[in-house]
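Note: the block below is input.tsv and it holds TSV, C-alpha atoms.
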```tsv
chain	number	residue	atom	x	y	z
P	1	MET	CA	0.00	0.00	0.00
P	2	SER	CA	1.50	3.34	-1.00
P	3	GLU	CA	1.76	6.17	1.49
P	4	LEU	CA	2.58	9.84	1.09
P	5	PHE	CA	6.10	10.87	2.18
P	6	THR	CA	8.00	14.11	2.17
P	7	LEU	CA	11.69	14.79	2.33
P	8	ILE	CA	13.81	17.91	2.44
P	9	VAL	CA	17.25	17.59	0.90
P	10	GLU	CA	19.99	20.19	0.46
P	11	LEU	CA	21.41	20.32	-3.05
P	12	GLU	CA	24.44	22.00	-4.53
P	13	ASP	CA	23.49	24.66	-7.07
P	14	LYS	CA	24.72	22.86	-10.16
P	15	PRO	CA	23.07	21.11	-13.11
P	16	GLY	CA	21.74	17.58	-12.62
P	17	GLN	CA	21.41	17.60	-8.82
P	18	LEU	CA	17.61	17.45	-8.76
P	19	LEU	CA	17.59	14.62	-11.29
P	20	ARG	CA	20.05	12.65	-9.15
P	21	VAL	CA	17.70	12.97	-6.13
P	22	LEU	CA	14.66	11.89	-8.13
P	23	GLU	CA	16.30	8.78	-9.63
P	24	PRO	CA	16.21	6.59	-6.45
P	25	ILE	CA	12.56	7.56	-5.94
P	26	ALA	CA	11.62	6.54	-9.50
P	27	ARG	CA	13.81	3.41	-9.43
P	28	ASN	CA	11.96	2.18	-6.31
P	29	GLY	CA	8.48	2.81	-7.69
P	30	GLY	CA	7.85	6.21	-6.13
P	31	ASN	CA	5.37	8.58	-7.74
P	32	ILE	CA	6.30	12.26	-7.37
P	33	VAL	CA	3.42	14.38	-6.05
P	34	GLY	CA	5.22	17.71	-5.75
P	35	ILE	CA	8.57	19.45	-5.70
P	36	PHE	CA	9.19	22.80	-4.01
P	37	HIS	CA	12.51	24.53	-4.37
P	38	GLN	CA	13.64	28.11	-3.98
P	39	ARG	CA	16.91	28.92	-5.71
P	40	GLY	CA	17.14	32.23	-3.88
P	41	LYS	CA	16.97	30.63	-0.44
P	42	LYS	CA	20.38	29.16	0.43
P	43	THR	CA	21.22	27.15	3.55
P	44	PRO	CA	24.22	27.92	5.78
P	45	LEU	CA	26.17	25.37	3.69
P	46	ASN	CA	25.33	27.46	0.58
P	47	ARG	CA	22.98	24.79	-0.77
P	48	ILE	CA	19.41	24.92	-2.00
P	49	PRO	CA	16.72	23.23	0.15
P	50	VAL	CA	14.34	21.14	-1.95
P	51	GLU	CA	11.13	19.59	-0.60
P	52	ILE	CA	9.88	16.53	-2.48
P	53	SER	CA	6.56	14.79	-1.81
P	54	PHE	CA	5.97	11.33	-3.24
P	55	ARG	CA	3.86	8.19	-2.88
P	56	VAL	CA	5.52	4.81	-2.41
P	57	ASP	CA	5.24	1.57	-0.42
P	58	SER	CA	6.58	2.05	3.14
P	59	LYS	CA	9.24	-0.64	2.77
P	60	LYS	CA	10.56	0.96	-0.41
P	61	ALA	CA	10.60	4.37	1.29
P	62	GLU	CA	13.25	3.09	3.71
P	63	LYS	CA	15.41	1.96	0.80
P	64	ILE	CA	14.99	5.33	-0.94
P	65	ILE	CA	16.10	7.31	2.11
P	66	GLU	CA	19.11	5.03	2.66
P	67	GLU	CA	20.21	5.60	-0.95
P	68	LEU	CA	19.72	9.36	-0.71
P	69	GLN	CA	21.60	9.68	2.58
P	70	ARG	CA	24.68	8.11	0.98
P	71	GLU	CA	24.94	10.98	-1.53
P	72	PHE	CA	22.99	13.96	-0.16
P	73	LEU	CA	22.34	15.92	3.00
P	74	VAL	CA	18.78	14.91	3.93
P	75	ARG	CA	17.31	17.42	6.40
P	76	SER	CA	14.04	15.61	7.09
P	77	PHE	CA	12.09	12.60	5.93
P	78	GLY	CA	8.76	11.18	7.02
P	79	LYS	CA	5.16	10.40	6.33
P	80	LEU	CA	3.22	13.45	5.32
P	81	ARG	CA	0.45	14.39	7.68
P	82	THR	CA	-2.59	14.80	5.54
P	83	ALA	CA	-5.27	16.29	7.79
P	84	VAL	CA	-4.84	19.99	8.60
P	85	VAL	CA	-7.02	22.61	10.25
P	86	SER	CA	-6.49	26.19	11.41
P	87	LEU	CA	-8.29	27.68	14.41
P	88	LEU	CA	-8.57	31.14	15.88
P	89	LEU	CA	-8.15	31.41	19.66
P	90	ILE	CA	-9.37	34.63	21.30
P	91	GLY	CA	-8.80	35.50	24.94
P	92	HIS	CA	-5.89	35.59	27.33
P	93	VAL	CA	-3.98	33.08	25.20
P	94	ILE	CA	-0.53	34.16	26.39
P	95	HIS	CA	-1.44	34.75	30.04
P	96	THR	CA	-2.96	31.26	30.32
P	97	ASP	CA	0.34	29.67	29.23
P	98	LEU	CA	0.35	29.16	25.49
P	99	SER	CA	3.19	26.61	25.71
P	100	ASP	CA	1.04	24.49	28.05
P	101	THR	CA	-1.82	24.59	25.54
P	102	ILE	CA	0.44	23.46	22.70
P	103	LYS	CA	2.09	20.71	24.78
P	104	ARG	CA	-1.34	19.34	25.68
P	105	VAL	CA	-2.42	19.24	22.02
P	106	ASP	CA	0.76	17.71	20.57
P	107	ASN	CA	1.18	13.94	20.41
P	108	SER	CA	2.44	11.34	17.95
P	109	ASP	CA	-0.71	11.57	15.79
P	110	ALA	CA	-1.28	15.35	15.73
P	111	GLU	CA	0.70	18.49	16.43
P	112	CYS	CA	0.63	22.26	16.27
P	113	VAL	CA	2.64	23.14	13.17
P	114	GLU	CA	2.09	26.89	12.92
P	115	LEU	CA	1.27	29.68	15.34
P	116	ASN	CA	0.67	33.41	14.83
P	117	VAL	CA	-0.09	35.57	17.86
P	118	THR	CA	-1.31	39.15	18.13
P	119	MET	CA	-1.16	40.98	21.47
P	120	PRO	CA	-2.75	44.44	21.24
P	121	GLU	CA	-2.00	45.56	24.83
P	122	LEU	CA	-0.41	44.05	27.92
P	123	ASN	CA	-3.58	43.12	29.86
P	124	GLU	CA	-5.97	42.85	26.93
P	125	PRO	CA	-7.07	39.61	25.26
P	126	SER	CA	-4.78	38.28	22.56
P	127	THR	CA	-5.52	36.39	19.37
P	128	ALA	CA	-3.72	33.30	18.14
P	129	MET	CA	-4.13	31.49	14.86
P	130	ILE	CA	-3.03	27.91	15.36
P	131	THR	CA	-2.66	25.26	12.66
P	132	ILE	CA	-2.87	21.60	13.61
P	133	SER	CA	-1.68	18.81	11.36
P	134	ALA	CA	-2.57	15.15	11.92
P	135	LYS	CA	-1.97	11.73	10.41
P	136	SER	CA	-5.70	11.15	9.79
P	137	GLU	CA	-9.09	12.84	9.99
P	138	GLU	CA	-9.82	10.84	13.17
P	139	ALA	CA	-6.58	12.01	14.81
P	140	LEU	CA	-7.38	15.57	13.79
P	141	GLU	CA	-10.84	15.38	15.34
P	142	LYS	CA	-9.32	14.08	18.61
P	143	ALA	CA	-6.83	16.97	18.60
P	144	LEU	CA	-9.66	19.45	17.99
P	145	GLU	CA	-11.57	18.00	20.93
P	146	ARG	CA	-8.47	18.48	23.12
P	147	VAL	CA	-8.21	22.12	21.97
P	148	ARG	CA	-11.89	22.69	22.77
P	149	GLU	CA	-11.51	21.21	26.28
P	150	ILE	CA	-8.31	23.16	27.03
P	151	CYS	CA	-9.82	26.43	25.79
P	152	LYS	CA	-13.01	25.90	27.77
P	153	GLU	CA	-10.91	25.35	30.89
P	154	LYS	CA	-8.85	28.50	30.16
P	155	LYS	CA	-11.89	30.58	29.10
P	156	ILE	CA	-10.58	31.08	25.55
P	157	MET	CA	-12.99	31.35	22.63
P	158	VAL	CA	-12.31	28.99	19.70
P	159	ILE	CA	-13.40	29.84	16.17
P	160	GLU	CA	-13.06	26.81	13.90
P	161	PRO	CA	-12.17	26.01	11.25
P	162	ILE	CA	-10.80	29.13	9.58
P	163	ASN	CA	-9.59	27.20	6.54
P	164	ASP	CA	-11.72	25.40	3.95
P	165	GLU	CA	-10.43	21.91	4.66
P	166	ILE	CA	-10.99	19.61	7.61
```

Output the file's structure as structure tokens, nothing else.
Amino acid sequence: MSELFTLIVELEDKPGQLLRVLEPIARNGGNIVGIFHQRGKKTPLNRIPVEISFRVDSKKAEKIIEELQREFLVRSFGKLRTAVVSLLLIGHVIHTDLSDTIKRVDNSDAECVELNVTMPELNEPSTAMITISAKSEEALEKALERVREICKEKKIMVIEPINDEI
């Protein structure tokens, strides 16, 4: 059964590097879903970070990453979390310990992947947009339920979802 994976690899800025990264994926039956690369964004090693998403059997994914690590600097590799939702939290988000809220939401199946906070004045309510990513719709729903419980306990209003997908 094929699963969706993503990897971030750092490439030297010279012809043929991207093709060399894609070859082990194709050779092992991987199907490229997307490639994101920004030539203008260089890493501290003066390389270009490239994110590649692809579908492949889990066992073949291990072989692909082993091959790539022999030749390239692989920054990250893993199954892509496919369920995502963004929420708006309104209230004393910071004063009720935002890090505690995030720690209580995060687990192996779902995690907070993005956070934007606005604090208008010191003792006034703040606003936080939080994005949660999960391995499945079921895991996402459980994470949302945790957010609702935590926010009820902390007297924070939750507006959900603020994106089109859930």

Quiz item: What gap, in Å, lies between atom CA of P:Ile159 and atom CA of P:Ala143?
Solution: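 Taking atom CA of P:Ile159 as the start and atom CA of P:Ala143 as the end point, the length is 14.7 Å.
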
Quiz prompt | For atom CA of P:Ile162 and atom CA of P:Ser86, the interatomic separation in Å (one decimal) | solution =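 Value for the atom CA of P:Ile162-atom CA of P:Ser86 distance: 5.5 Å.
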
Practice problem: Point out the residue among P:Thr127, P:Ser136, P:Gln38, P:Asn28 with the least atom-to-atom distance to P:His92, counting all atoms listed in the file. | Solution: P:Thr127

Exercise. Would you kindly return, as a PyMOL selection string, each protein, DNA or RNA residue with an atom no farther than 12 Å from any atom of P:Leu87, considering only C-alpha atoms and excluding same-chain residues fewer than 6 positions away?
Key: chain P and resi 112-117+127-133+143-144+147-148+151+156-166

Quiz item: In Å to one decimal, how far is atom CA of P:Ala26 from atom CA of P:Ile8?
Solution: 16.6 Å

Quiz item: Restricting the calculation to only C-alpha atoms, which member of P:Val105, P:Arg55, P:Val74, P:Asn123 is positioned closest to P:Glu145?
Solution: P:Val105

Practice problem: Enumerate, as a ChimeraX atom specification, the protein, DNA and RNA residues whose atoms approach (14.3, 6.1, -3.5) to within 10 Å, taking into account only C-alpha atoms and the coordinate frame of the file. | Solution: /P:21-30,54,56,60-68

Exercise. Rank nothing, just name the residue among P:Arg146, P:Arg20, P:Pro125, P:Leu11 nearest to P:His37, using only C-alpha atoms.
Key: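 Of all the options, P:Leu11 lies closest to P:His37.
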
Quiz prompt | P:Phe77, P:Lys14, P:Glu149, P:Val9 ranked by distance to P:Glu51, top pick (using all atoms listed in the file) | solution =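 The closest residue to P:Glu51 is P:Val9.
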
Practice problem: Return the single residue from P:Leu4, P:Ala139, P:Leu122, P:Leu18 that is closest to P:Asp57, with distances computed using only C-alpha atoms. | Solution: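 Of the candidates, the smallest distance to P:Asp57 is held by P:Leu4.
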
Quiz prompt | Counting only C-alpha atoms, the residue of P:Glu3, P:Glu10, P:Asp100, P:Glu71 that sits nearest P:Ile32 | solution =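 Closest to P:Ile32 of all the choices is P:Glu3.
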
Exercise. Give as a PyMOL selection string every residue, naming chains and numbers as the document does, that has an atom within 7 Å of (-3.9, 17.8, 10.8), counting all atoms listed in the file.
Key: chain P and resi 81-85+110+132-136+140
